[in-house]
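A.B. asks: Input upload_35.cif, format and content: mmCIF, C-alpha atoms.
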data_target
#
loop_
_atom_site.label_atom_id
_atom_site.label_comp_id
_atom_site.auth_asym_id
_atom_site.auth_seq_id
_atom_site.Cartn_x
_atom_site.Cartn_y
_atom_site.Cartn_z
CA MET D 30 26.82 0.33 16.24
CA THR D 31 23.82 2.12 17.74
CA VAL D 32 23.12 5.68 16.66
CA SER D 33 22.81 8.06 19.58
CA VAL D 34 19.19 9.15 19.52
CA PRO D 35 17.42 10.01 22.76
CA PRO D 36 15.55 6.96 24.11
CA SER D 37 12.35 7.20 26.07
CA THR D 38 14.24 7.13 29.34
CA ARG D 39 15.39 10.68 28.69
CA ARG D 40 13.30 13.78 28.33
CA GLY D 41 12.28 14.51 24.77
CA LEU D 42 10.73 12.69 21.85
CA HIS D 43 10.25 8.96 22.31
CA ARG D 44 12.40 6.81 20.02
CA ALA D 45 9.22 5.27 18.58
CA TRP D 46 8.56 8.50 16.71
CA TYR D 47 11.96 8.32 14.97
CA VAL D 48 11.21 4.78 13.82
CA ALA D 49 7.74 5.82 12.66
CA ALA D 50 9.24 8.73 10.69
CA VAL D 51 11.67 6.45 8.84
CA ALA D 52 8.87 3.97 8.16
CA PHE D 53 6.79 6.85 6.76
CA VAL D 54 9.54 7.76 4.31
CA ALA D 55 10.05 4.14 3.21
CA ILE D 56 6.32 3.50 2.73
CA LEU D 57 5.98 6.85 0.95
CA GLY D 58 8.65 5.85 -1.55
CA SER D 59 7.28 2.33 -1.95
CA ALA D 60 3.80 3.61 -2.83
CA GLY D 61 5.20 6.04 -5.37
CA PHE D 62 7.32 3.36 -6.99
CA ARG D 63 4.43 0.90 -7.21
CA ALA D 64 2.07 3.50 -8.70
CA THR D 65 4.50 4.44 -11.49
CA PRO D 66 3.16 1.99 -14.14
CA GLY D 67 -0.01 4.09 -14.30
CA VAL D 68 1.91 6.88 -16.06
CA LEU D 69 3.85 4.46 -18.27
CA ILE D 70 0.95 2.64 -19.96
CA THR D 71 0.45 5.19 -22.74
CA PRO D 72 4.19 5.87 -23.44
CA LEU D 73 4.96 2.13 -23.60
CA ARG D 74 1.95 1.50 -25.82
CA GLU D 75 3.08 4.26 -28.18
CA GLU D 76 6.77 3.22 -28.34
CA PHE D 77 6.50 -0.57 -28.45
CA GLY D 78 2.98 -1.05 -29.76
CA TRP D 79 2.04 -3.24 -26.79
CA SER D 80 -1.68 -3.47 -25.99
CA ALA D 81 -3.19 -2.18 -22.77
CA GLY D 82 -3.85 -5.80 -21.81
CA THR D 83 -0.19 -6.77 -22.28
CA ILE D 84 1.10 -3.88 -20.19
CA SER D 85 -1.62 -4.46 -17.59
CA SER D 86 -0.40 -8.06 -17.24
CA ALA D 87 2.95 -6.78 -15.97
CA VAL D 88 1.11 -4.43 -13.63
CA SER D 89 -0.96 -7.41 -12.50
CA VAL D 90 2.15 -9.45 -11.62
CA ASN D 91 3.44 -6.43 -9.70
CA LEU D 92 0.20 -6.17 -7.75
CA VAL D 93 0.02 -9.90 -6.94
CA LEU D 94 3.61 -10.05 -5.70
CA TYR D 95 3.15 -6.78 -3.85
CA GLY D 96 0.40 -8.48 -1.88
CA LEU D 97 1.62 -12.08 -1.57
CA THR D 98 5.09 -10.99 -0.45
CA ALA D 99 3.60 -9.17 2.54
CA PRO D 100 2.92 -12.08 4.94
CA PHE D 101 6.35 -13.61 4.28
CA ALA D 102 7.96 -10.19 4.68
CA ALA D 103 6.23 -9.83 8.06
CA ALA D 104 7.64 -13.18 9.17
CA LEU D 105 11.09 -12.31 7.78
CA MET D 106 11.02 -9.07 9.75
CA ASP D 107 10.38 -11.13 12.87
CA ARG D 108 13.34 -13.36 12.05
CA PHE D 109 15.93 -10.99 10.55
CA GLY D 110 14.70 -7.53 11.52
CA MET D 111 12.87 -4.72 9.80
CA ARG D 112 16.00 -2.77 8.96
CA ARG D 113 17.63 -5.54 6.91
CA ILE D 114 14.46 -6.51 5.04
CA VAL D 115 13.47 -2.93 4.15
CA ALA D 116 17.00 -2.01 3.01
CA ALA D 117 17.15 -5.13 0.81
CA ALA D 118 13.72 -4.33 -0.63
CA LEU D 119 14.81 -0.81 -1.59
CA LEU D 120 17.87 -2.18 -3.38
CA LEU D 121 15.66 -4.62 -5.30
CA ILE D 122 13.41 -1.77 -6.42
CA THR D 123 16.47 0.19 -7.51
CA ALA D 124 17.69 -2.69 -9.66
CA GLY D 125 14.29 -3.43 -11.17
CA SER D 126 13.51 0.15 -12.09
CA ALA D 127 16.99 0.99 -13.41
CA LEU D 128 17.22 -2.10 -15.63
CA THR D 129 13.84 -1.28 -17.18
CA VAL D 130 15.48 1.32 -19.42
CA PHE D 131 17.25 -1.46 -21.35
CA MET D 132 14.16 -3.56 -22.09
CA THR D 133 13.07 -4.34 -25.65
CA ALA D 134 10.38 -7.01 -25.09
CA SER D 135 7.22 -7.20 -22.99
CA TRP D 136 8.49 -10.19 -20.96
CA GLN D 137 11.26 -7.94 -19.64
CA LEU D 138 8.66 -5.46 -18.40
CA LEU D 139 6.95 -8.36 -16.65
CA LEU D 140 10.22 -9.50 -15.04
CA LEU D 141 11.57 -6.10 -14.00
CA TRP D 142 8.55 -3.99 -13.15
CA GLY D 143 6.38 -6.97 -12.36
CA VAL D 144 8.65 -9.30 -10.38
CA PHE D 145 11.55 -7.18 -9.09
CA VAL D 146 9.58 -4.06 -8.17
CA GLY D 147 6.63 -6.18 -7.03
CA LEU D 148 8.76 -8.12 -4.56
CA GLY D 149 10.54 -4.98 -3.35
CA THR D 150 7.44 -2.88 -2.78
CA GLY D 151 5.63 -5.89 -1.30
CA SER D 152 8.27 -6.10 1.42
CA MET D 153 7.37 -2.54 2.42
CA ALA D 154 3.62 -2.92 2.05
CA LEU D 155 1.16 -1.94 4.72
CA VAL D 156 2.08 -5.01 6.76
CA PHE D 157 5.34 -3.17 7.46
CA ALA D 158 3.31 -0.36 8.97
CA ALA D 159 1.38 -2.87 11.09
CA THR D 160 4.66 -4.41 12.31
CA VAL D 161 6.11 -1.02 13.27
CA VAL D 162 2.96 -0.08 15.17
CA ASP D 163 2.72 -3.43 16.98
CA ARG D 164 6.34 -3.31 18.15
CA TRP D 165 6.81 0.35 18.96
CA PHE D 166 3.40 1.66 20.07
CA VAL D 167 0.88 0.74 22.73
CA ARG D 168 -0.60 4.23 22.91
CA HIS D 169 -1.80 5.97 19.69
CA ARG D 170 -1.84 2.74 17.68
CA GLY D 171 -4.83 3.67 15.54
CA LEU D 172 -3.51 7.17 14.88
CA VAL D 173 -0.02 5.99 13.91
CA THR D 174 -1.50 3.28 11.67
CA GLY D 175 -3.49 6.00 9.93
CA VAL D 176 -0.43 8.22 9.48
CA LEU D 177 1.72 5.40 8.09
CA THR D 178 -1.08 4.30 5.79
CA ALA D 179 -1.40 7.88 4.59
CA ALA D 180 2.26 7.67 3.56
CA GLY D 181 1.06 5.59 0.62
CA ALA D 182 -1.14 8.43 -0.53
CA THR D 183 1.67 10.92 0.02
CA GLY D 184 3.96 8.82 -2.19
CA GLN D 185 1.38 9.01 -4.92
CA LEU D 186 1.07 12.75 -4.36
CA VAL D 187 4.83 13.30 -4.65
CA PHE D 188 5.68 10.95 -7.49
CA LEU D 189 2.79 10.75 -9.96
CA PRO D 190 2.69 14.35 -11.27
CA VAL D 191 6.50 14.50 -11.46
CA LEU D 192 6.80 11.16 -13.24
CA ALA D 193 3.99 12.06 -15.64
CA GLN D 194 5.87 15.22 -16.63
CA LEU D 195 9.12 13.29 -17.02
CA ALA D 196 7.43 10.61 -19.13
CA GLN D 197 6.04 13.25 -21.49
CA GLY D 198 9.24 15.35 -21.50
CA PRO D 199 12.60 13.55 -21.23
CA GLY D 200 10.77 10.22 -21.63
CA TRP D 201 9.65 7.19 -19.66
CA ARG D 202 13.25 5.92 -19.29
CA PHE D 203 14.20 9.07 -17.40
CA ALA D 204 11.14 8.55 -15.19
CA SER D 205 12.26 4.98 -14.41
CA LEU D 206 15.76 6.15 -13.50
CA THR D 207 14.25 8.78 -11.21
CA VAL D 208 12.41 6.02 -9.34
CA ALA D 209 15.64 4.00 -9.06
CA ALA D 210 17.55 6.98 -7.66
CA ALA D 211 14.80 7.79 -5.16
CA ALA D 212 14.70 4.21 -3.87
CA LEU D 213 18.46 4.13 -3.44
CA ALA D 214 18.43 7.46 -1.58
CA VAL D 215 16.15 6.05 1.15
CA VAL D 216 18.51 3.17 2.06
CA PRO D 217 20.94 5.19 4.26
CA PHE D 218 18.07 6.62 6.32
CA VAL D 219 16.63 3.16 6.94
CA TRP D 220 20.02 1.79 7.98
CA TRP D 221 20.83 4.78 10.19
CA LEU D 222 17.57 5.33 12.08
CA MET D 223 15.45 2.17 11.83
CA ARG D 224 15.65 -0.24 14.78
CA ASP D 225 13.81 -3.52 15.00
CA ARG D 226 12.53 -3.44 18.58
CA PRO D 227 12.49 -0.98 21.52
CA GLU D 228 14.76 -3.34 23.50
CA ASP D 229 17.50 -2.80 20.89
CA VAL D 230 17.99 0.74 22.21
CA GLY D 231 17.17 0.09 25.86
CA THR D 232 13.62 1.39 25.90
CA THR D 233 10.03 0.15 25.72
CA ALA D 234 7.18 0.73 23.28
CA LEU D 235 5.45 4.09 23.61
CA GLY D 236 2.83 3.73 26.32
CA ALA D 237 4.04 0.29 27.47
CA ASP D 238 4.71 -0.73 31.05
CA PRO D 239 8.49 -0.25 31.64
CA GLU D 240 8.49 -3.58 33.51
CA ALA D 241 6.89 -5.45 30.61
CA VAL D 242 8.55 -8.68 29.50
CA ARG D 243 10.87 -8.17 26.56
CA THR D 244 9.76 -9.47 23.19
CA GLU D 245 12.09 -11.77 21.29
CA SER D 246 12.49 -12.33 17.58
CA ALA D 247 10.73 -15.40 16.27
CA ARG D 248 13.14 -18.29 15.83
CA VAL D 249 10.96 -20.39 13.56
CA ASN D 250 11.45 -20.39 9.81
CA ALA D 251 9.76 -17.28 8.38
CA ALA D 252 7.96 -19.15 5.61
CA VAL D 253 6.79 -21.83 8.06
CA ARG D 254 5.38 -19.23 10.44
CA ALA D 255 3.61 -17.36 7.64
CA VAL D 256 1.96 -20.54 6.38
CA THR D 257 1.14 -21.80 9.88
CA VAL D 258 -0.58 -18.53 10.77
CA LEU D 259 -2.52 -18.68 7.50
CA ALA D 260 -3.64 -22.25 8.18
CA ALA D 261 -4.95 -21.27 11.61
CA ALA D 262 -6.65 -18.06 10.42
CA ALA D 263 -8.22 -19.80 7.41
CA ARG D 264 -10.25 -21.94 9.81
CA THR D 265 -12.05 -18.84 11.10
CA ARG D 266 -14.95 -16.98 9.52
CA PRO D 267 -13.65 -13.43 10.15
CA PHE D 268 -10.54 -14.12 8.06
CA TRP D 269 -12.55 -14.88 4.94
CA LEU D 270 -14.83 -11.91 5.43
CA LEU D 271 -11.83 -9.61 5.88
CA ALA D 272 -10.01 -11.15 2.90
CA ALA D 273 -13.03 -10.91 0.59
CA GLY D 274 -13.72 -7.30 1.54
CA PHE D 275 -10.08 -6.32 1.18
CA ALA D 276 -9.85 -8.05 -2.24
CA ILE D 277 -12.65 -5.77 -3.39
CA CYS D 278 -10.84 -2.85 -1.79
CA GLY D 279 -7.77 -3.60 -3.89
CA ALA D 280 -9.81 -4.06 -7.06
CA SER D 281 -11.49 -0.68 -6.63
CA THR D 282 -8.32 1.27 -5.75
CA ASN D 283 -4.87 0.09 -6.87
CA GLY D 284 -6.14 -2.24 -9.59
CA LEU D 285 -8.70 0.01 -11.23
CA VAL D 286 -8.32 3.67 -10.28
CA GLY D 287 -4.58 3.58 -9.56
CA THR D 288 -3.75 1.77 -12.80
CA HIS D 289 -6.40 2.90 -15.28
CA PHE D 290 -7.66 6.34 -14.23
CA ILE D 291 -4.97 8.15 -16.22
CA PRO D 292 -5.46 6.25 -19.51
CA ALA D 293 -9.26 6.42 -19.04
CA ALA D 294 -9.10 10.20 -18.67
CA HIS D 295 -6.76 10.35 -21.67
CA ASP D 296 -9.41 8.49 -23.71
CA HIS D 297 -11.72 11.45 -23.07
CA GLY D 298 -9.15 14.00 -24.24
CA MET D 299 -7.56 14.92 -20.91
CA ALA D 300 -3.77 15.42 -20.91
CA GLU D 301 -1.92 12.79 -18.88
CA PRO D 302 -0.16 15.27 -16.54
CA VAL D 303 -3.58 16.74 -15.71
CA ALA D 304 -5.02 13.29 -14.98
CA ALA D 305 -1.95 12.44 -12.87
CA GLY D 306 -2.52 15.69 -10.99
CA LEU D 307 -6.06 14.56 -10.18
CA LEU D 308 -4.69 11.31 -8.75
CA ALA D 309 -2.29 13.40 -6.69
CA ILE D 310 -5.23 15.38 -5.31
CA ILE D 311 -6.77 12.04 -4.31
CA GLY D 312 -3.51 11.50 -2.42
CA ILE D 313 -3.83 14.85 -0.64
CA PHE D 314 -7.32 14.15 0.65
CA ASP D 315 -6.47 10.54 1.42
CA ILE D 316 -3.92 11.74 3.95
CA ALA D 317 -6.67 13.51 5.88
CA GLY D 318 -9.13 10.67 5.42
CA THR D 319 -6.75 7.93 6.51
CA VAL D 320 -5.39 9.76 9.55
CA ALA D 321 -8.96 10.50 10.59
CA SER D 322 -9.84 6.85 10.03
CA GLY D 323 -6.98 5.80 12.30
CA TRP D 324 -8.24 8.16 15.00
CA LEU D 325 -11.79 6.82 14.59
CA SER D 326 -10.55 3.20 14.74
CA ASP D 327 -9.47 3.82 18.34
CA ARG D 328 -13.01 4.93 19.20
CA ILE D 329 -15.60 3.24 16.92
CA ASP D 330 -16.17 -0.42 16.07
CA PRO D 331 -13.87 -0.95 13.05
CA LYS D 332 -16.36 -3.15 11.19
CA LEU D 333 -18.89 -0.30 11.21
CA LEU D 334 -16.28 2.02 9.73
CA LEU D 335 -15.53 -0.51 6.98
CA GLY D 336 -19.23 -0.82 6.13
CA VAL D 337 -19.54 2.94 5.70
CA TYR D 338 -16.30 3.31 3.72
CA TYR D 339 -17.06 0.56 1.23
CA GLY D 340 -20.66 1.70 0.75
CA LEU D 341 -19.71 5.29 -0.02
CA ARG D 342 -16.90 4.18 -2.35
CA GLY D 343 -19.28 1.97 -4.32
CA LEU D 344 -21.74 4.78 -4.89
CA SER D 345 -18.99 7.17 -6.00
CA LEU D 346 -17.56 4.72 -8.57
CA MET D 347 -20.97 4.23 -10.14
CA VAL D 348 -21.20 7.92 -11.06
CA LEU D 349 -17.59 8.23 -12.27
CA PRO D 350 -18.11 7.21 -15.95
CA GLY D 351 -20.33 10.25 -16.49
CA LEU D 352 -17.74 12.65 -15.08
CA PHE D 353 -14.85 12.16 -17.54
CA ALA D 354 -14.22 15.07 -19.92
CA ALA D 355 -11.35 16.76 -21.75
CA THR D 356 -11.23 19.44 -19.05
CA THR D 357 -11.46 19.22 -15.28
CA GLU D 358 -15.10 19.97 -14.46
CA PRO D 359 -16.33 20.82 -10.92
CA SER D 360 -18.21 17.50 -10.75
CA MET D 361 -14.95 15.59 -11.29
CA LEU D 362 -13.22 17.62 -8.59
CA ILE D 363 -16.04 16.75 -6.17
CA PHE D 364 -15.53 13.06 -6.98
CA ILE D 365 -11.76 13.37 -6.50
CA VAL D 366 -12.16 14.96 -3.07
CA PHE D 367 -14.84 12.49 -1.94
CA TYR D 368 -13.02 9.44 -3.29
CA GLY D 369 -9.71 10.66 -1.89
CA LEU D 370 -11.07 10.78 1.65
CA ASP D 371 -12.05 7.11 1.26
CA TRP D 372 -9.06 5.78 -0.76
CA VAL D 373 -7.25 3.73 1.90
CA ALA D 374 -9.28 4.75 4.93
CA THR D 375 -10.15 1.03 5.06
CA VAL D 376 -6.66 0.07 6.25
CA PRO D 377 -6.66 1.27 9.91
CA PRO D 378 -9.94 -0.52 10.80
CA THR D 379 -8.78 -3.67 8.96
CA VAL D 380 -5.48 -3.68 10.89
CA ALA D 381 -7.41 -3.06 14.13
CA LEU D 382 -9.71 -6.02 13.44
CA CYS D 383 -6.75 -8.33 12.67
CA ARG D 384 -5.06 -7.27 15.91
CA ARG D 385 -8.25 -7.63 17.96
CA ILE D 386 -9.23 -11.03 16.59
CA TYR D 387 -5.81 -12.69 16.09
CA GLY D 388 -3.66 -11.09 18.79
CA PRO D 389 0.13 -11.53 18.39
CA ASP D 390 -0.40 -13.06 14.93
CA GLY D 391 -2.35 -10.00 13.81
CA ALA D 392 0.43 -8.50 11.67
CA VAL D 393 1.02 -11.75 9.76
CA VAL D 394 -2.73 -12.31 9.35
CA PHE D 395 -3.02 -8.78 8.00
CA GLY D 396 -0.23 -9.68 5.58
CA TRP D 397 -2.40 -12.46 4.14
CA VAL D 398 -5.48 -10.24 4.12
CA PHE D 399 -3.41 -7.64 2.30
CA GLY D 400 -2.39 -10.38 -0.14
CA SER D 401 -6.06 -10.80 -1.04
CA HIS D 402 -6.20 -7.02 -1.54
CA GLN D 403 -3.52 -7.26 -4.20
CA VAL D 404 -5.00 -10.35 -5.87
CA GLY D 405 -8.20 -8.34 -6.25
CA ALA D 406 -6.16 -5.43 -7.58
CA ALA D 407 -4.38 -7.67 -10.10
CA ILE D 408 -7.66 -9.11 -11.40
CA ALA D 409 -9.09 -5.61 -11.78
CA ALA D 410 -5.96 -4.31 -13.52
CA VAL D 411 -6.09 -7.03 -16.18
CA GLY D 412 -9.88 -7.07 -16.40
CA ALA D 413 -10.12 -3.32 -16.93
CA GLY D 414 -7.34 -3.46 -19.56
CA LEU D 415 -9.16 -6.21 -21.46
CA THR D 416 -12.43 -4.28 -21.14
CA ARG D 417 -10.76 -1.28 -22.75
CA ASP D 418 -9.23 -3.44 -25.52
CA HIS D 419 -12.50 -5.19 -26.42
CA LEU D 420 -15.18 -2.57 -25.70
CA GLY D 421 -13.18 0.57 -26.39
CA ALA D 422 -14.06 2.12 -23.02
CA TYR D 423 -13.72 1.49 -19.29
CA ASP D 424 -17.35 2.14 -18.29
CA LEU D 425 -18.24 -1.48 -17.47
CA ALA D 426 -15.20 -1.73 -15.17
CA TRP D 427 -16.31 1.29 -13.12
CA TYR D 428 -19.87 -0.01 -12.68
CA ALA D 429 -18.70 -3.50 -11.71
CA ALA D 430 -16.28 -2.10 -9.11
CA GLY D 431 -19.04 0.03 -7.60
CA ALA D 432 -21.35 -2.97 -7.22
CA LEU D 433 -18.58 -5.03 -5.61
CA CYS D 434 -17.90 -2.28 -3.07
CA LEU D 435 -21.52 -2.43 -1.95
CA LEU D 436 -21.05 -6.18 -1.46
CA ALA D 437 -17.88 -5.49 0.58
CA ALA D 438 -19.89 -3.22 2.87
CA GLY D 439 -22.22 -6.10 3.70
CA LEU D 440 -19.35 -8.54 4.25
CA SER D 441 -17.65 -6.13 6.65
CA LEU D 442 -20.74 -5.65 8.78
CA ALA D 443 -20.97 -9.46 9.15
CA ILE D 444 -17.53 -9.75 10.81
CA GLY D 445 -17.74 -11.12 14.37
CA HIS D 446 -15.69 -10.10 17.39
CA ALA D 447 -13.88 -13.36 18.05
CA ARG D 448 -12.21 -16.23 16.23
CA GLY D 449 -14.56 -18.58 14.48
CA ARG D 450 -17.57 -16.23 14.66
#
Just give me the structure as structure tokens.

C.D. replies:
Amino acid sequence: MTVSVPPSTRRGLHRAWYVAAVAFVAILGSAGFRATPGVLITPLREEFGWSAGTISSAVSVNLVLYGLTAPFAAALMDRFGMRRIVAAALLLITAGSALTVFMTASWQLLLLWGVFVGLGTGSMALVFAATVVDRWFVRHRGLVTGVLTAAGATGQLVFLPVLAQLAQGPGWRFASLTVAAAALAVVPFVWWLMRDRPEDVGTTALGADPEAVRTESARVNAAVRAVTVLAAAARTRPFWLLAAGFAICGASTNGLVGTHFIPAAHDHGMAEPVAAGLLAIIGIFDIAGTVASGWLSDRIDPKLLLGVYYGLRGLSLMVLPGLFAATTEPSMLIFIVFYGLDWVATVPPTVALCRRIYGPDGAVVFGWVFGSHQVGAAIAAVGAGLTRDHLGAYDLAWYAAGALCLLAAGLSLAIGHARGR
């Protein structure tokens, strides 16, 4: 049964904006759910005696599945529709987070928060945003990509400070149940307002020719299509440059800062809710930075934008170890603002390059590139945890990430404009 919402053939807001709004909410929640382990590392270490490396291993599994699920999720959305896949993913997150409160062993953390939540959030990763934009928008693609990408930062903004307070107050179990309830609450909105394609409601993509040929769902097996697209893309040079750069992107954001900033600040005497608040401020400025990046991606060569973003991020990470203190100093606030503007500003130009180079396969290719992002994040999450266990501090991890970002800047500038170049 189709919900009566004004299509583009009537005066008023185009239906694409309703779909984008629901996607924003789903991606917002997904980002908040995935970022939650960052506030649980210290409480779990204190209650169960697990090392930072052990807990980081579960986070690593979460990050890998979050990324590697993406290309298959993109193909599944082609085959079964966005609405079904996103609703199922939210239910999986609900189950994984709720069952966490009963765990007594570290392997259960790995299964529930690593596998269940990793698969669920991976199905609503940024490839979902790319799919929504490709199907529903011809005009404003860069801008909408930026807004949907910013939803990830907004999720961090909304969830991290609240969950940090809950973990320190009622306890980490209450925080996990809050995540489960939030995921479940999004399901009705997805089922009510999300539609797979403009043709499903008798309209066309925003800015598309009304006489354009209708798009049809892919009939091939989702896994086969995902692997076939990978095989073709892997024979081209731009794919490997994009994948390598985005792996470093993941290592320097989700894997390192997103997972270990709070415990690193705690090592220097800062209260966890305060550190979580700083991450939330990163989220605030990331909204502005990512939306602006989407706008710029419609106007400036995306590879030039990536070169600038990675270069500035690398320099900022190299000064971070000297900024940690028990209190929030002005120098740390400057870093938070600067780093926040650059947090996921890399996504709109990366999506634009995938679309420009690989055409109709762009969303699935971006899914694989995003998979490399999460592999890099997983390696950084474990590596930084082991660095902390063996050296007693995170400093080496920050310096290494900064150097890698400078390398990513060079790789991005080497990307050609066509397949095989």

A.B. asks: Could you tell me which residues the PyMOL selection byres ((chain D and resi 49) around 9) grabs in this file, written as a VMD selection string?

C.D. replies: chain D and resid 44 to 48 50 to 54 158 161 to 162 165 173 177 223

A.B. asks: Nearest to Ile313 in chain D among D:Asp371, D:Thr150, D:Leu121, D:Leu206, with distances taken over only C-alpha atoms: which residue is it?

C.D. replies: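 Closest candidate: D:Asp371.
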
A.B. asks: If we count all atoms listed in the file, what is near Tyr368 in chain D at a cut-off of 7 Å, once residues fewer than 6 positions away on the same chain are taken out, given as a list in words?

C.D. replies: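 Residues near the query, excluding close chain neighbours: Ile311, Arg342 and Ser345 of chain D.
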
A.B. asks: Dump as a ChimeraX atom specification all residues having an atom at most 12 Å from (-2.0, -13.3, -7.0), computed in the file's coordinates with only C-alpha atoms.

C.D. replies: /D:86,88-99,143-144,147,276,279,397,399-411

A.B. asks: What is the distance between CA of Ser322 in chain D and CA of Trp427 in chain D, in Å to one decimal?

C.D. replies: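 Distance reported for this atom pair: 24.7 Å.
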
A.B. asks: Name the residues that the PyMOL selection byres ((chain D and resi 432-440) around 8) pulls out of this structure, and write them as a PyMOL selection string.

C.D. replies: chain D and resi 270-271+273-275+277-278+281+335-340+342-344+347+428-431+441-444

A.B. asks: Next, dump the selected residues to file, keeping only C-alpha atoms, as a short mmCIF file (atom, residue, chain, number, x, y, z; two decimals), keeping the file's coordinate frame.

C.D. replies:
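File written: result.cif
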data_model
loop_
_atom_site.label_atom_id
_atom_site.label_comp_id
_atom_site.auth_asym_id
_atom_site.auth_seq_id
_atom_site.Cartn_x
_atom_site.Cartn_y
_atom_site.Cartn_z
CA LEU D 270 -14.83 -11.91 5.43
CA LEU D 271 -11.83 -9.61 5.88
CA ALA D 273 -13.03 -10.91 0.59
CA GLY D 274 -13.72 -7.30 1.54
CA PHE D 275 -10.08 -6.32 1.18
CA ILE D 277 -12.65 -5.77 -3.39
CA CYS D 278 -10.84 -2.85 -1.79
CA SER D 281 -11.49 -0.68 -6.63
CA LEU D 335 -15.53 -0.51 6.98
CA GLY D 336 -19.23 -0.82 6.13
CA VAL D 337 -19.54 2.94 5.70
CA TYR D 338 -16.30 3.31 3.72
CA TYR D 339 -17.06 0.56 1.23
CA GLY D 340 -20.66 1.70 0.75
CA ARG D 342 -16.90 4.18 -2.35
CA GLY D 343 -19.28 1.97 -4.32
CA LEU D 344 -21.74 4.78 -4.89
CA MET D 347 -20.97 4.23 -10.14
CA TYR D 428 -19.87 -0.01 -12.68
CA ALA D 429 -18.70 -3.50 -11.71
CA ALA D 430 -16.28 -2.10 -9.11
CA GLY D 431 -19.04 0.03 -7.60
CA SER D 441 -17.65 -6.13 6.65
CA LEU D 442 -20.74 -5.65 8.78
CA ALA D 443 -20.97 -9.46 9.15
CA ILE D 444 -17.53 -9.75 10.81
#

A.B. asks: May I have the residues within 10 Å of range 286-292 of chain D as a PyMOL selection string, using only C-alpha atoms and disregarding those fewer than 3 positions away in the same chain?

C.D. replies: chain D and resi 63-71+81+85+88-89+185+193+279-283+295-308+346+353+372+406-407+409-411+413-414+417+423+426-427+430

A.B. asks: Ranking D:Met106, D:Glu76, D:Ala261, D:Ala293 by minimum distance to Asp418 in chain D and counting all atoms listed in the file, which one comes first?

C.D. replies: D:Ala293
